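Q: Can you read through this structure? Questions will come right after.
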Amino acid sequence: MNMRRHLFSVFLFVLPVALIGQGLDPAALRKQPPDSWPTYNGDYSGRRFSELKQINSSNVHQMSLAWAARYTADNPGSRVQIKSTPLLVNGILYFTSPNNVWAVDVRTGHELWHYEYPPNTGSTIGNRGVGMYENWLYFETPDSHLVSLDAKTGKERWKVEIADPKLDYTSTVAPVIVGNHVIVGIGGDHLDNPGFLQSRDPETGALQWKWWTTPRKGEPGIETWPDEYAAAHGTGQTWIPGTYDPELNLYYLGTGNPNPVMADKSRKGDNLFTCSIVALNPDTGKLVWYYQVSPHDVHDWDAVETPILIDGVIDGKPRKLLAQASRNGLFFLLDRTNGKHILTKPFIDTLNWTKGFNATGQPIPDPKKFPSTDGVLVSPASGGATNWPAPSFDPNTGLFYVGAHESYSMFYLTDTDDRPQGWAGVDRSAGGTGSALLAIDYKTGNIAWRHDWPSGNAVVSMLSTAGNLLFTSNGNNLIAFNPANGKILWHAGLTGSPSAGPITYMVDGKQYVLVCAGDTLFSFTVNEPGK
Amino acid sequence: MYYSKLIFLQAALLATAAMCFGRQEPANTAGQSATKQAGAEEVTNTAALEGSKQDPAAVERGAKAFASNCAGCHGPAARGGPGAPDLVRSLLVLDDEKGILIAPVIRNGRPDQGMPKLGLTEQQISDIVAWLHLQTYTAGHRTTYMFQDIVTGDAKKGEAYFNGAGKCSTCHSATGDLAGIGKKYEPLSLQSRWLQPREVRGRRTRRGSGKESSGAVPTVTVTLASGQSFSGKLDHIDDFVVSLRDAQGDFHSFSLDGANPPRVQVRDPLQAHMDMLGKYTDADIHNVTAYLVTLK
């Protein structure tokens with residue numbers, strides 16, 4: 001109890017404005033309180049690194065189950081798959097599956113409320129979670145609406161359409177709150193629909209701004225498309241939450257692939273701002289800088305992977321950096337104040353689609369590896385060297401942790417029309433040579449250590465902590481590694497594969513690690529007798 | 001613990017497929033190579049026709065009506081022409097249900113925008129609507145995409161590679177296990193299968209489930225600290241547990257934790273296929289396929 005009082009007073013001292021009823025002051029997002037996980041990545045940096053160290057490399061072998069709880073939904077045909085990173089605010093966990101939001105007691109998993117969105121025809125591929133502002137939650141629906149709920153009751157406050165569902169948009173993103181902006185992204189690339197990022201008013205849902213990911217008439221970047229029509233149908237979706245630097249007031253986002261996906265006949269050029277890391281002013285939605293990691297992509301390599309913000313040191317000087325391990329198999333390090341390139345390095349050995357790199361470190365795609373009617377063998381496969389699962393950066397080790405595949409596909413062009421549409425091609429898996437957890441030195445891009453999964457594996461999410469721990473998963477196992485050397489320290493077999501990133505937090509003076517696997521949440525802690 | 005060779009399981013592939021956003025469906029379909037001409041005369045795409053739930057007879061009539069009345073301006077595949085918009089990406093077409101939005105436009109024309117009133121019958125209009133909906137459905141559903149001719153290689157060079165640098169003949173024979181293979185599979189399916197026999201059309205076959213082609217299941221030998229060893233078909237392996245089924249069908253599982261973990265040696269009969277992935281040129285691949293197609 002002493003510990004609890006102590007922490008509580010620290011909490012009040014540091015963050016006197018964080019509590020609004022049981023809600024969340026957006027200011028708390030600037031420094032994550034230890035008893036919370038208030039936004040998709042825990043904090044704005046995207047590092048998925050926690051300062052907590054009560055559970056650490058010395059005692060993690062004693063970590064055991066605190067509780068497990070299973071959740072069901074009534075919607076016909078909807079088997080619960082929790083692919084969201086839960087938020088934790090004031091002792092309540094909020095998480096989602098497509099069409100569903102739950103609020104549960106962090107101490108037991110007991111359900112406080114369950115909101116079900118009406119059945120609809122949208123894609124239920126996944127939902128990455130809610131955003132929270134004061135007492136309100138925000139969540140995207142399969143039919144492309146933004147719904148706001150009262151966090152206390154789960155009652156719907158309002159909903160607004162963010163995109164026309166008939167255009168095959170897919171809405172899965174966890175909204176990110178920056179100031180009084182609810183930042184909302186979108187997915188779906190089957191029908192050459194335009195990509196965008198929106199900001200919505202947290203009270204009313206009204207549109208504050210909309211940034212098209214491809215330029216319109218007269219805008220910078222339009223010269224990288226044959227014409228305005230191609231740009232307007234060039235897609236570039238925004239389906240992973242971005243990161244934010246409050247000092248620079250810049251919101252960082254990775255954008256998706258251009259359309260038509262595999263045919264480039266009607267979109268010669270670099271196709272800005274698809275497959276790019278962009279920095280936007282969150283108050284205006286204006287583009288401040290960009291760096292395109294896959295100019296003229298034809299392999300479906302969305303560059304949406306979390307752009308992690310690193311406060312690091314390069315050549316002896318402190319620098320504000322941004323790193324991405326991109327789906328195309330390349331690790332990038334940029335200066336996040338201006339987007340200037342620092343480093344590009346492949347993180348898989350099988351990569352075979354570039355002719356090299358230009359002066360600013362951008363890959364030069366090899367036209368011989370563009371999809372053809374008789375097929376070309378390309379690594380990585382369209383699913384990428386990595387994908388949406390969240391990477392992590394540990395400032396204590398200086399290592400960037402990411403799951404990687406060395407995969408191959410045959411890429412076939414099926415649509416040779418002068419005006420190709422949709423995917424316009426298909427890729428077929430040709431297998432691969434392995435998958436691994438990589439620890440990448442951010443300063444050099446070199447792989448400091450790797451753990452090859454004996455059975456192959458999904459690319460999975462990461463969490464690192466100041467307790468000298470790295471949590472990730474393989475198959476049904478939640479696993480703790482020593483982040484400095486890749487030694488396995490602990491594991492537990494669950495009822496399914498962890499389906500979203502693990503999170504960690506303090507409750508009642510005790511640290512917990514929580515992970516979702518299918519329809520079940522698992523909460524772990526170290527129980528020390530007598531305490 | 002030791003692994004003689006790290007192996008890459010199906011799970012990885014399934015994960016890859018699941019991870020390609022919006023790619024939950026296995027790619028294609030028919031597995032057929034067909035010569036496709038975009039536009040009204042194209043080979044019937046039965047998968048798209050079924051998926052779109054349009055009446056085949058209406059679509060067939062609609063194709064003809066579109067070709068003779070609309071294609072001149074909107075292009076043979078309705079993807080637009082000079083001065084006339086792409087109808088496959090048209091918001092009006094995408095938002096339409098059963099012609100409620102489209103029919104009035106065709107019926108009345110858009111004289112202000114240069115589209116004439118064509119005087120088509122209601123039957124013709126509804127047939128064109130059906131054909132247009134098939135076009136949008138097809139563009140948006142890549143499982144219905146039709147492949148073009150993929151047999152572009154040189155069979156003679158393929159044969160030389162098969163028996164030479166490709167080392168295929170180390171395990172396979174054109175008159176033995178591969179006799180008649182060109183008759184058994186369509187070229188596209190054949191190309192996919194020989195590149196990666198375990199992974200066909202992105203579908204997963206569970207290791208040890210007996211669904212894989214015979215001989216393709218990895219085997220494992222587990223040697224305990226005592227020297228006792230067990231061999232059989234690999235059932236499961238991760239960092240903590242390995243399990244197998246031996247020749248008698250008995251199941252054995254072993255913990256890999258602890259001070260003296262057993263020694264594990266996995267042998268994957270398909271390892272050579274994986275090792276070759278980084279060595280093939282695209283021409284090698286096309287040549288081998290062209291050769292295998294001749295094994296009838």
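Naming works like this for the structure tokens: A, B, ... for the chains as they're shown, residue 1 at the start of each chain, ligands 1 onward in shown order.
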Just the strand (DSSP E or B) stuff from region 157-361 of chain A, please, per backbone DSSP, written as a PyMOL selection string.

A: chain A and resi 157-161+170+176-178+181-184+187+196-200+207-212+235+243-245+250-254+258+276-281+286-292+308-314+317-325+330-335+341-346+354-357

Q: Create the file for the chosen residues now, containing C-alpha atoms and written as a PDB file, in the first residue's frame.

A:
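Result saved to out-v6.pdb:
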ATOM      1  CA  ARG A 157     -22.537   9.819 -28.719  1.00  0.00           C
ATOM      2  CA  TRP A 158     -22.439  10.237 -32.496  1.00  0.00           C
ATOM      3  CA  LYS A 159     -21.134   8.704 -35.661  1.00  0.00           C
ATOM      4  CA  VAL A 160     -19.947  10.270 -38.892  1.00  0.00           C
ATOM      5  CA  GLU A 161     -19.099   8.739 -42.246  1.00  0.00           C
ATOM      6  CA  THR A 170     -11.498  -0.574 -45.223  1.00  0.00           C
ATOM      7  CA  VAL A 176      -4.751   9.058 -32.546  1.00  0.00           C
ATOM      8  CA  ILE A 177      -5.588  12.128 -30.460  1.00  0.00           C
ATOM      9  CA  VAL A 178      -3.307  15.155 -30.824  1.00  0.00           C
ATOM     10  CA  HIS A 181      -7.691  16.574 -33.171  1.00  0.00           C
ATOM     11  CA  VAL A 182      -8.974  13.051 -33.654  1.00  0.00           C
ATOM     12  CA  ILE A 183      -6.686  11.828 -36.424  1.00  0.00           C
ATOM     13  CA  VAL A 184      -8.351   9.191 -38.534  1.00  0.00           C
ATOM     14  CA  GLY A 187      -7.370   1.489 -45.809  1.00  0.00           C
ATOM     15  CA  PHE A 196      -6.394  10.424 -47.177  1.00  0.00           C
ATOM     16  CA  LEU A 197      -5.881  11.295 -43.555  1.00  0.00           C
ATOM     17  CA  GLN A 198      -8.582  13.237 -41.714  1.00  0.00           C
ATOM     18  CA  SER A 199      -8.764  15.225 -38.526  1.00  0.00           C
ATOM     19  CA  ARG A 200     -12.111  15.304 -36.726  1.00  0.00           C
ATOM     20  CA  LEU A 207     -14.115  17.496 -40.277  1.00  0.00           C
ATOM     21  CA  GLN A 208     -11.226  19.795 -39.311  1.00  0.00           C
ATOM     22  CA  TRP A 209      -9.003  18.947 -42.260  1.00  0.00           C
ATOM     23  CA  LYS A 210      -8.395  16.256 -44.847  1.00  0.00           C
ATOM     24  CA  TRP A 211      -5.002  15.566 -46.370  1.00  0.00           C
ATOM     25  CA  TRP A 212      -5.043  13.630 -49.629  1.00  0.00           C
ATOM     26  CA  THR A 235      -4.552   5.500 -53.481  1.00  0.00           C
ATOM     27  CA  THR A 243       3.604   9.146 -34.260  1.00  0.00           C
ATOM     28  CA  TYR A 244       3.931  12.714 -32.981  1.00  0.00           C
ATOM     29  CA  ASP A 245       6.646  15.057 -31.743  1.00  0.00           C
ATOM     30  CA  LEU A 250       4.727  17.290 -36.374  1.00  0.00           C
ATOM     31  CA  TYR A 251       2.605  14.198 -36.954  1.00  0.00           C
ATOM     32  CA  TYR A 252       4.500  11.399 -38.717  1.00  0.00           C
ATOM     33  CA  LEU A 253       2.799   8.855 -40.882  1.00  0.00           C
ATOM     34  CA  GLY A 254       3.716   6.078 -43.287  1.00  0.00           C
ATOM     35  CA  PRO A 258       0.044   3.306 -55.118  1.00  0.00           C
ATOM     36  CA  SER A 276       6.334   7.601 -48.072  1.00  0.00           C
ATOM     37  CA  ILE A 277       7.053   8.812 -44.582  1.00  0.00           C
ATOM     38  CA  VAL A 278       5.374  12.189 -44.250  1.00  0.00           C
ATOM     39  CA  ALA A 279       5.391  14.894 -41.566  1.00  0.00           C
ATOM     40  CA  LEU A 280       2.176  16.883 -41.250  1.00  0.00           C
ATOM     41  CA  ASN A 281       1.184  19.834 -39.124  1.00  0.00           C
ATOM     42  CA  LYS A 286      -0.400  20.615 -44.254  1.00  0.00           C
ATOM     43  CA  LEU A 287       2.556  18.573 -45.459  1.00  0.00           C
ATOM     44  CA  VAL A 288       5.814  19.822 -43.917  1.00  0.00           C
ATOM     45  CA  TRP A 289       8.257  17.256 -45.325  1.00  0.00           C
ATOM     46  CA  TYR A 290       8.264  13.824 -46.930  1.00  0.00           C
ATOM     47  CA  TYR A 291      10.658  11.023 -47.711  1.00  0.00           C
ATOM     48  CA  GLN A 292       9.575   8.333 -50.141  1.00  0.00           C
ATOM     49  CA  ILE A 308       9.486   5.374 -34.539  1.00  0.00           C
ATOM     50  CA  LEU A 309      10.825   8.600 -33.009  1.00  0.00           C
ATOM     51  CA  ILE A 310      14.293   8.220 -31.530  1.00  0.00           C
ATOM     52  CA  ASP A 311      16.178  10.868 -29.579  1.00  0.00           C
ATOM     53  CA  GLY A 312      19.628   9.623 -30.408  1.00  0.00           C
ATOM     54  CA  VAL A 313      23.199  10.558 -31.067  1.00  0.00           C
ATOM     55  CA  ILE A 314      24.792  10.568 -34.504  1.00  0.00           C
ATOM     56  CA  LYS A 317      25.650  15.093 -31.758  1.00  0.00           C
ATOM     57  CA  PRO A 318      22.210  14.695 -30.193  1.00  0.00           C
ATOM     58  CA  ARG A 319      19.670  14.340 -32.962  1.00  0.00           C
ATOM     59  CA  LYS A 320      15.912  14.096 -33.339  1.00  0.00           C
ATOM     60  CA  LEU A 321      15.565  10.984 -35.485  1.00  0.00           C
ATOM     61  CA  LEU A 322      12.894   8.828 -37.054  1.00  0.00           C
ATOM     62  CA  ALA A 323      13.344   5.159 -37.999  1.00  0.00           C
ATOM     63  CA  GLN A 324      11.245   2.773 -40.025  1.00  0.00           C
ATOM     64  CA  ALA A 325      11.763  -0.879 -40.884  1.00  0.00           C
ATOM     65  CA  LEU A 330      14.815  -1.631 -46.018  1.00  0.00           C
ATOM     66  CA  PHE A 331      15.596   0.086 -42.718  1.00  0.00           C
ATOM     67  CA  PHE A 332      15.573   3.881 -42.908  1.00  0.00           C
ATOM     68  CA  LEU A 333      16.877   6.498 -40.489  1.00  0.00           C
ATOM     69  CA  LEU A 334      15.864  10.132 -41.053  1.00  0.00           C
ATOM     70  CA  ASP A 335      16.254  13.468 -39.306  1.00  0.00           C
ATOM     71  CA  HIS A 341      18.098  11.065 -45.035  1.00  0.00           C
ATOM     72  CA  ILE A 342      20.737   9.554 -42.752  1.00  0.00           C
ATOM     73  CA  LEU A 343      20.774   5.818 -43.429  1.00  0.00           C
ATOM     74  CA  THR A 344      19.281   3.079 -45.625  1.00  0.00           C
ATOM     75  CA  LYS A 345      20.099  -0.575 -45.018  1.00  0.00           C
ATOM     76  CA  PRO A 346      18.457  -3.839 -46.082  1.00  0.00           C
ATOM     77  CA  THR A 354      16.626  -2.764 -56.414  1.00  0.00           C
ATOM     78  CA  LYS A 355      19.342  -1.569 -58.742  1.00  0.00           C
ATOM     79  CA  GLY A 356      20.923   0.314 -55.888  1.00  0.00           C
ATOM     80  CA  PHE A 357      20.279   3.579 -54.098  1.00  0.00           C
TER      81      PHE A 357
END

Q: If we count only C-alpha atoms, what is near region 88-91 of chain B at a cut-off of 7 Å, once residues fewer than 2 positions away on the same chain are taken out, given as a list in words?

A: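 Listed by chain and then number, they are Ala78, Arg79, Asp86, Val93, Leu94, Asp95, Gln135 and Thr136 of chain B.
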
Q: Just want the 7 Å neighbourhood of region 289-295 of chain B, counted on only C-alpha atoms, with same-chain residues fewer than 2 positions away dropped. Output as a VMD selection string.

A: chain B and resid 151 to 156 158 to 159 174 179 to 182 187 191 285 to 287

Q: Write the residues you've just listed into a file as an mmCIF file, in the first residue's frame, and include N, CA and C atoms for each of them.

A:
data_model
loop_
_atom_site.group_PDB
_atom_site.id
_atom_site.type_symbol
_atom_site.label_atom_id
_atom_site.label_comp_id
_atom_site.auth_asym_id
_atom_site.auth_seq_id
_atom_site.Cartn_x
_atom_site.Cartn_y
_atom_site.Cartn_z
ATOM 1 N N VAL B 151 3.531 -19.351 -70.525
ATOM 2 C CA VAL B 151 4.572 -20.234 -71.091
ATOM 3 C C VAL B 151 5.351 -19.459 -72.144
ATOM 4 N N THR B 152 6.349 -18.747 -71.684
ATOM 5 C CA THR B 152 7.132 -17.891 -72.576
ATOM 6 C C THR B 152 8.573 -18.392 -72.713
ATOM 7 N N GLY B 153 8.918 -19.411 -71.932
ATOM 8 C CA GLY B 153 10.309 -19.860 -71.891
ATOM 9 C C GLY B 153 10.677 -20.776 -73.045
ATOM 10 N N ASP B 154 11.929 -21.194 -73.014
ATOM 11 C CA ASP B 154 12.498 -22.070 -74.028
ATOM 12 C C ASP B 154 12.637 -23.463 -73.398
ATOM 13 N N ALA B 155 11.838 -24.408 -73.913
ATOM 14 C CA ALA B 155 11.799 -25.742 -73.307
ATOM 15 C C ALA B 155 13.165 -26.431 -73.341
ATOM 16 N N LYS B 156 13.900 -26.222 -74.427
ATOM 17 C CA LYS B 156 15.226 -26.867 -74.547
ATOM 18 C C LYS B 156 16.171 -26.359 -73.456
ATOM 19 N N GLY B 158 15.245 -25.056 -70.746
ATOM 20 C CA GLY B 158 14.679 -25.530 -69.484
ATOM 21 C C GLY B 158 15.135 -26.938 -69.165
ATOM 22 N N GLU B 159 15.162 -27.766 -70.187
ATOM 23 C CA GLU B 159 15.608 -29.150 -69.995
ATOM 24 C C GLU B 159 17.075 -29.178 -69.562
ATOM 25 N N ALA B 174 12.167 -36.834 -65.474
ATOM 26 C CA ALA B 174 11.123 -36.514 -66.441
ATOM 27 C C ALA B 174 10.321 -37.752 -66.832
ATOM 28 N N ALA B 179 6.670 -37.708 -64.891
ATOM 29 C CA ALA B 179 6.069 -38.146 -66.152
ATOM 30 C C ALA B 179 4.604 -37.698 -66.200
ATOM 31 N N GLY B 180 4.247 -37.041 -67.271
ATOM 32 C CA GLY B 180 2.848 -36.621 -67.431
ATOM 33 C C GLY B 180 2.468 -35.384 -66.644
ATOM 34 N N ILE B 181 3.457 -34.724 -66.026
ATOM 35 C CA ILE B 181 3.143 -33.574 -65.153
ATOM 36 C C ILE B 181 2.519 -32.432 -65.962
ATOM 37 N N GLY B 182 2.933 -32.337 -67.228
ATOM 38 C CA GLY B 182 2.408 -31.272 -68.086
ATOM 39 C C GLY B 182 0.949 -31.482 -68.461
ATOM 40 N N PRO B 187 -0.416 -24.714 -66.881
ATOM 41 C CA PRO B 187 0.936 -24.142 -66.755
ATOM 42 C C PRO B 187 1.134 -23.261 -65.514
ATOM 43 N N GLN B 191 3.826 -24.015 -62.651
ATOM 44 C CA GLN B 191 4.918 -23.106 -62.288
ATOM 45 C C GLN B 191 4.922 -22.839 -60.779
ATOM 46 N N ILE B 285 13.326 -19.803 -64.590
ATOM 47 C CA ILE B 285 11.993 -20.232 -64.143
ATOM 48 C C ILE B 285 11.084 -20.467 -65.353
ATOM 49 N N HIS B 286 11.077 -19.504 -66.269
ATOM 50 C CA HIS B 286 10.187 -19.630 -67.431
ATOM 51 C C HIS B 286 10.616 -20.807 -68.317
ATOM 52 N N ASN B 287 11.922 -21.029 -68.419
ATOM 53 C CA ASN B 287 12.417 -22.137 -69.244
ATOM 54 C C ASN B 287 12.036 -23.489 -68.643
#

Q: Taking only C-alpha atoms into account and nothing else, which residues of chain A lie no more than 8 Å away from chain B? Please answer as a PyMOL selection string.

A: chain A and resi 125+166-167+170+188-192+350+373-377+381-384+387-388+405+408+412-415+417+419+421-435+452-459+474-475

Q: Would you export the selected residues with C-alpha atoms as an mmCIF file, in the first residue's frame, please?

A:
data_model
loop_
_atom_site.group_PDB
_atom_site.id
_atom_site.type_symbol
_atom_site.label_atom_id
_atom_site.label_comp_id
_atom_site.auth_asym_id
_atom_site.auth_seq_id
_atom_site.Cartn_x
_atom_site.Cartn_y
_atom_site.Cartn_z
ATOM 1 C CA ILE A 125 -10.138 -8.025 -41.337
ATOM 2 C CA LYS A 166 -19.076 1.301 -51.583
ATOM 3 C CA LEU A 167 -15.688 2.439 -52.823
ATOM 4 C CA THR A 170 -11.498 -0.574 -45.223
ATOM 5 C CA GLY A 188 -8.481 -0.451 -48.887
ATOM 6 C CA ASP A 189 -6.759 -0.607 -52.274
ATOM 7 C CA HIS A 190 -8.956 -2.718 -54.530
ATOM 8 C CA LEU A 191 -10.670 -0.020 -56.547
ATOM 9 C CA ASP A 192 -8.119 2.759 -56.994
ATOM 10 C CA THR A 350 17.082 -12.104 -49.914
ATOM 11 C CA THR A 373 2.452 -11.678 -67.454
ATOM 12 C CA ASP A 374 4.660 -14.762 -67.092
ATOM 13 C CA GLY A 375 5.761 -13.882 -63.563
ATOM 14 C CA VAL A 376 8.917 -12.587 -61.863
ATOM 15 C CA LEU A 377 10.392 -13.928 -58.641
ATOM 16 C CA ALA A 381 6.694 -11.225 -51.189
ATOM 17 C CA SER A 382 3.841 -8.728 -51.331
ATOM 18 C CA GLY A 383 3.240 -9.283 -47.624
ATOM 19 C CA GLY A 384 6.638 -7.735 -47.149
ATOM 20 C CA ASN A 387 4.205 -5.586 -41.906
ATOM 21 C CA TRP A 388 1.746 -3.872 -39.563
ATOM 22 C CA HIS A 405 10.359 -12.583 -43.202
ATOM 23 C CA TYR A 408 9.474 -14.793 -52.105
ATOM 24 C CA TYR A 412 2.085 -11.776 -62.251
ATOM 25 C CA LEU A 413 0.643 -8.920 -64.244
ATOM 26 C CA THR A 414 -2.884 -9.838 -65.302
ATOM 27 C CA ASP A 415 -4.166 -6.520 -66.643
ATOM 28 C CA ASP A 417 -4.866 -2.698 -70.678
ATOM 29 C CA ARG A 419 -5.859 1.791 -68.321
ATOM 30 C CA GLN A 421 -7.480 -0.979 -62.695
ATOM 31 C CA GLY A 422 -7.573 -2.306 -59.174
ATOM 32 C CA TRP A 423 -4.816 -4.752 -58.325
ATOM 33 C CA ALA A 424 -4.192 -5.507 -62.006
ATOM 34 C CA GLY A 425 -1.968 -8.402 -60.958
ATOM 35 C CA VAL A 426 -1.616 -11.226 -58.491
ATOM 36 C CA ASP A 427 1.296 -12.602 -56.577
ATOM 37 C CA ARG A 428 1.729 -16.211 -55.622
ATOM 38 C CA SER A 429 3.885 -17.294 -52.745
ATOM 39 C CA ALA A 430 7.044 -19.156 -53.634
ATOM 40 C CA GLY A 431 8.037 -19.811 -50.029
ATOM 41 C CA GLY A 432 11.012 -18.381 -48.269
ATOM 42 C CA THR A 433 14.137 -19.008 -46.347
ATOM 43 C CA GLY A 434 13.041 -18.107 -42.849
ATOM 44 C CA SER A 435 11.667 -15.584 -40.423
ATOM 45 C CA ASP A 452 15.543 -17.265 -36.099
ATOM 46 C CA TRP A 453 12.217 -18.871 -35.337
ATOM 47 C CA PRO A 454 12.532 -22.653 -35.729
ATOM 48 C CA SER A 455 8.997 -22.925 -37.025
ATOM 49 C CA GLY A 456 8.753 -19.752 -39.035
ATOM 50 C CA ASN A 457 6.395 -17.214 -37.657
ATOM 51 C CA ALA A 458 4.039 -14.397 -38.236
ATOM 52 C CA VAL A 459 5.711 -11.025 -38.040
ATOM 53 C CA ASN A 474 5.953 -16.912 -31.604
ATOM 54 C CA GLY A 475 3.116 -19.291 -32.373
#

Q: DSSP on the backbone, then: every residue of region 117-201 of chain B marked alpha helix (DSSP H), written as a PyMOL selection string.

A: chain B and resi 122-140+155-163+181-184+187-195

Q: Report the distance between CA of Gln237 (chain A) and CA of Pro85 (chain B) in Å, rounded to one decimal place.

A: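 These atoms are spaced 23.9 Å apart.
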
Q: Quick one: everything within 7 Å of Pro241 (chain A), counting only C-alpha atoms, minus sequence neighbours fewer than 4 positions away in the same chain. Send it as an NGL selection string.

A: :A and (173-176)

Q: Write the residues of the preceding selection, restricted to N, CA and C atoms, as a PDB file, in the first residue's frame.

A:
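Final file, out_36.pdb:
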ATOM      1  N   VAL A 173      -8.095   1.448 -38.465  1.00  0.00           N
ATOM      2  CA  VAL A 173      -7.057   2.155 -37.703  1.00  0.00           C
ATOM      3  C   VAL A 173      -7.549   2.578 -36.328  1.00  0.00           C
ATOM      4  N   ALA A 174      -6.646   2.584 -35.367  1.00  0.00           N
ATOM      5  CA  ALA A 174      -6.936   3.212 -34.087  1.00  0.00           C
ATOM      6  C   ALA A 174      -6.722   4.716 -34.253  1.00  0.00           C
ATOM      7  N   PRO A 175      -7.754   5.537 -33.997  1.00  0.00           N
ATOM      8  CA  PRO A 175      -7.547   6.983 -34.094  1.00  0.00           C
ATOM      9  C   PRO A 175      -6.490   7.440 -33.079  1.00  0.00           C
ATOM     10  N   VAL A 176      -5.751   8.477 -33.452  1.00  0.00           N
ATOM     11  CA  VAL A 176      -4.751   9.058 -32.546  1.00  0.00           C
ATOM     12  C   VAL A 176      -5.213  10.466 -32.199  1.00  0.00           C
TER      13      VAL A 176
END

Q: My list of candidates is A:Ser379, A:Leu112, A:Glu51, A:Leu29. Which is closest to Tyr133 (chain A) when distances are computed with only C-alpha atoms?

A: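 The closest residue to Tyr133 (chain A) is A:Leu29.
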
Q: Name the residues in contact with Val59 (chain B) at a cut-off of 8 Å, using only C-alpha atoms, excluding same-chain residues fewer than 2 positions from it; report them as a PyMOL selection string.

A: chain B and resi 54-57+61-63+127-128+130-131+134

Q: I'd like the interatomic distance between CA of Leu190 (chain B) and CA of Thr46 (chain B), to a tenth of an Å.

A: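 According to the coordinates, CA of Leu190 (chain B) and CA of Thr46 (chain B) are separated by 21.3 Å.
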
Q: Between CA of Gly509 (chain A) and CA of Arg70 (chain A), what is the spacing in Å?

A: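 So the answer is 25.4 Å.
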
Q: Which residues come within 6 Å of region 493-508 of chain A, counting only C-alpha atoms, excluding same-chain residues fewer than 6 positions away, as a ChimeraX atom specification?

A: /A:4,34-36,83-85,461,475-477,514-518

Q: I'd like the neighbourhood of Pro420 (chain A) as a tab-separated table (two decimals) with C-alpha atoms, in the first residue's frame, where a residue qualifies if any of its atoms comes within 9 Å (using only C-alpha atoms), though same-chain residues fewer than 6 positions away should be ignored.

A:
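The result, written out as around.tsv:
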chain	number	residue	atom	x	y	z
A	260	PRO	CA	-3.28	0.23	-59.68
A	263	ALA	CA	0.47	-2.31	-63.11
A	264	ASP	CA	2.34	0.90	-63.72
A	265	LYS	CA	1.33	1.66	-67.30
A	266	SER	CA	-0.96	4.49	-66.27
B	79	ARG	CA	-12.25	2.49	-68.77
B	139	ALA	CA	-11.55	-4.93	-61.09
